[in-house]
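Comments concern the structure below.
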Amino acid sequence: MLLTREEEAILAGEHGEVPERMLRLLVRLGEIYKADKMIPVSSAQVAGVSYKSIGDPGLEFLEDIAGKGARVSVLTFLNPAGMDIESWKELGFPEDFVEKQLRIIEAFKKMGIVISATCTPYLSGNLPRFREHVAWSESSAVSFANSVLGARTNREGGPSALAAAILGRTPNYGFHLDENRKPDMHVAVNVELRTDADFGALGYFVGKIVKDRVPYFTGIKHAGVDSLKALGAAMAASGAVALYHAHGLTPEAKDYSPEGLDTISFGEKELTETYQNLNSGEEPDILILGCPHSSLNEIRTVAMLVEGKRLRKPMWVCTSRAVKELAIRMGYDEIIRSAGGKIVADTCTVVAPVEEMGFKTIAVNSGKAANYLPGFCKARVIFGDTEGLIRRVIE
Amino acid sequence: MIMQGRGISPGIVEGTAIVSKSPLSFYGGIDPKTGIVIEKGHELEGKCVSGKILVFPNGKGSTVGSYVIYGLKKYGKEPLAIINQKMETIVATGVILAGIPAVDSVEISRITEGAVLRVDGTKGTVEIVE
């Protein structure tokens, strides 16, 4: 790998221990994946935040490097934490968990990382442009950045994203290169996708089959940002899809054609079967929306559905702190609270210790959440669209 | 005999090999405070990797494993060095963050339990001393 004089000096330890280790990490990863050089990144997004995911080993590592002076050099956003950083008490998060989680947050803050605590950085102030190189780690955000925005990032791990954030560089391989952005699987959609949950179901189905390949979708007639967010998130969870193209919808799709690629079909039958596969519960203990984090528009929709009604079960609408602020200003928060629900910021279903909080069957509108909940939270799942799920729990 | 592999993390050490023929998970697989392998049914279960040269084909399991390797070093329970057949990113990330010498791409089947090895993580070599 070709290194600049400055990079050689960092590796020789001239800038201190933390930059030396961090660059060594990026260079070795670059060598493993045959990168030719390091390239600058304009933003980073760091996962591995919940105490539930990283435990004491992660906490200690982060406190150590923050204490040794590690600071980020580019705009860096943080993935969701394991709890709402402000209303954890009201929501009943366990105290020992809270103490450790707050120490993790503090270490990130000390490094200069924005405590955005969201999996949708592009909805709250970290928005790369077309062809911009970034180093993001949250799998659904990686998919959105690559596919919907046309920015370029690999699926970074927590430490490699942190290293890129500190050094402002990433090894040049994978999705940073044109040749790896070509589609290698064709997905023909032969059914009308009516709700974002339908997009989640499609993503779940396709991810299982294509794994880490690059699918090219045809036959999707309309898709808003929220639908594409749901599609990419589910595909990145059931498979490891970091980039997809959708004819007429995503910016790089016009550069490629599905001709000659292996084709999989997704019709009424596949859609119905996917719903069946993802449903393992009968009666929900809680309804959790917002995986990935809800946009303001999704929260508005929820508010309109519950306005003047009462819910018989708890409902969380997960989002970022930034979007929650607007929801409060617009009165959506008040409407949802009056109905018995809560807008929960900074965290989500997947990384919160929901199993310790007594929720055994969880209703979700997300293909990603439906994929992870049985394993991560030992929960049974009810998967459906937002409106249907809310009607189910209205008194 | 000297085997030429690939240096993943620099440093030169000499020590005794502890060898596993099966992949190893660090998260939930090794206790960072004691250095003892705790994965149920693993061939190294109950054995301590501290101060030894830990040889196994490749890592597996959660990416938090990188932080566990860092934790081993922090608690002074780290192996002297790690040798893999093929080092995946979890172990590579861990040894680099922790500063534990490591080499991969060597034929680990030639290394027997208790062999004395000299590992050069800078040059990427493993010498079987005896």
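Residues are named by chain letter and number: chains run A, B, ... in the order of the structure tokens, numbers start at 1 in each chain, and ligands are numbered from 1 in the order shown.
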
For Ile336 (chain A), list every protein, DNA or RNA residue within 7 Å, evaluated using only C-alpha atoms, and leave out those in the same chain fewer than 6 positions away; present the list as a ChimeraX atom specification. /A:303,306,342

Each residue of chain B with at least one atom at most 8 Å from chain A should appear once, together with its nearest atom pair and the corresponding distance in Å (one decimal); atoms considered: only C-alpha atoms; ordering: chain, then increasing residue number; output as JSON lines.
{"residue": "B:Ile8", "atom": "CA", "partner": "A:Arg28", "partner_atom": "CA", "distance": 6.6}
{"residue": "B:Thr63", "atom": "CA", "partner": "A:Gly157", "partner_atom": "CA", "distance": 7.6}
{"residue": "B:Val64", "atom": "CA", "partner": "A:Ile54", "partner_atom": "CA", "distance": 5.7}
{"residue": "B:Tyr67", "atom": "CA", "partner": "A:Pro57", "partner_atom": "CA", "distance": 5.1}
{"residue": "B:Val68", "atom": "CA", "partner": "A:Pro57", "partner_atom": "CA", "distance": 5.4}
{"residue": "B:Tyr70", "atom": "CA", "partner": "A:Phe61", "partner_atom": "CA", "distance": 7.0}
{"residue": "B:Gly71", "atom": "CA", "partner": "A:Pro57", "partner_atom": "CA", "distance": 5.5}
{"residue": "B:Thr89", "atom": "CA", "partner": "A:Leu29", "partner_atom": "CA", "distance": 7.1}
{"residue": "B:Ala92", "atom": "CA", "partner": "A:Leu25", "partner_atom": "CA", "distance": 7.7}
{"residue": "B:Thr93", "atom": "CA", "partner": "A:Leu25", "partner_atom": "CA", "distance": 6.1}
{"residue": "B:Ile96", "atom": "CA", "partner": "A:Leu25", "partner_atom": "CA", "distance": 5.9}
{"residue": "B:Leu97", "atom": "CA", "partner": "A:Arg21", "partner_atom": "CA", "distance": 5.7}
{"residue": "B:Gly99", "atom": "CA", "partner": "A:Arg21", "partner_atom": "CA", "distance": 7.6}

Return as a ChimeraX atom specification the full set of residues in region 4-226 of chain A whose backbone-based DSSP assignment is alpha helix (DSSP H). /A:5-11,17-32,51-67,88-91,95-110,139-143,158-167,196-210,225-226

Skip Phe383 (chain A) itself and residues of its chain fewer than 3 positions away, then list as an mmCIF file with C-alpha atoms, in the first residue's frame all residues within 9 Å of it, counting only C-alpha atoms.
data_model
loop_
_atom_site.group_PDB
_atom_site.id
_atom_site.type_symbol
_atom_site.label_atom_id
_atom_site.label_comp_id
_atom_site.auth_asym_id
_atom_site.auth_seq_id
_atom_site.Cartn_x
_atom_site.Cartn_y
_atom_site.Cartn_z
ATOM 1 C CA ALA A 197 -43.600 -2.670 5.764
ATOM 2 C CA TYR A 275 -45.071 -11.810 6.285
ATOM 3 C CA GLN A 276 -45.823 -15.314 7.519
ATOM 4 C CA LEU A 278 -41.615 -12.870 10.110
ATOM 5 C CA ASN A 279 -44.658 -13.309 12.361
ATOM 6 C CA SER A 280 -44.053 -15.460 15.436
ATOM 7 C CA GLY A 281 -46.289 -13.764 18.025
ATOM 8 C CA ILE A 362 -43.033 -7.035 20.186
ATOM 9 C CA ALA A 363 -45.009 -5.625 17.278
ATOM 10 C CA VAL A 364 -42.874 -3.868 14.657
ATOM 11 C CA ASN A 365 -43.309 -2.312 11.215
ATOM 12 C CA SER A 366 -39.657 -2.950 10.313
ATOM 13 C CA GLY A 367 -38.166 -5.855 8.409
ATOM 14 C CA ALA A 369 -36.322 -5.230 13.624
ATOM 15 C CA ALA A 370 -38.317 -8.356 12.776
ATOM 16 C CA LEU A 389 -50.452 -2.389 13.979
#

Just want the 7 Å neighbourhood of Gln4 (chain B), counted on only C-alpha atoms, with same-chain residues fewer than 2 positions away dropped. Output as a VMD selection string. chain B and resid 2 6 106 124 to 126

Who sits within 8 Å of region 113-120 of chain B, only C-alpha atoms, same chain under 4 positions skipped, as a ChimeraX atom specification: /B:7,10-19,53,81,101-103,124-130

Secondary structure check, strand (DSSP E or B) residues of region 137-180 of chain A, as an MDAnalysis selection string: chainID A and resid 152 169:171
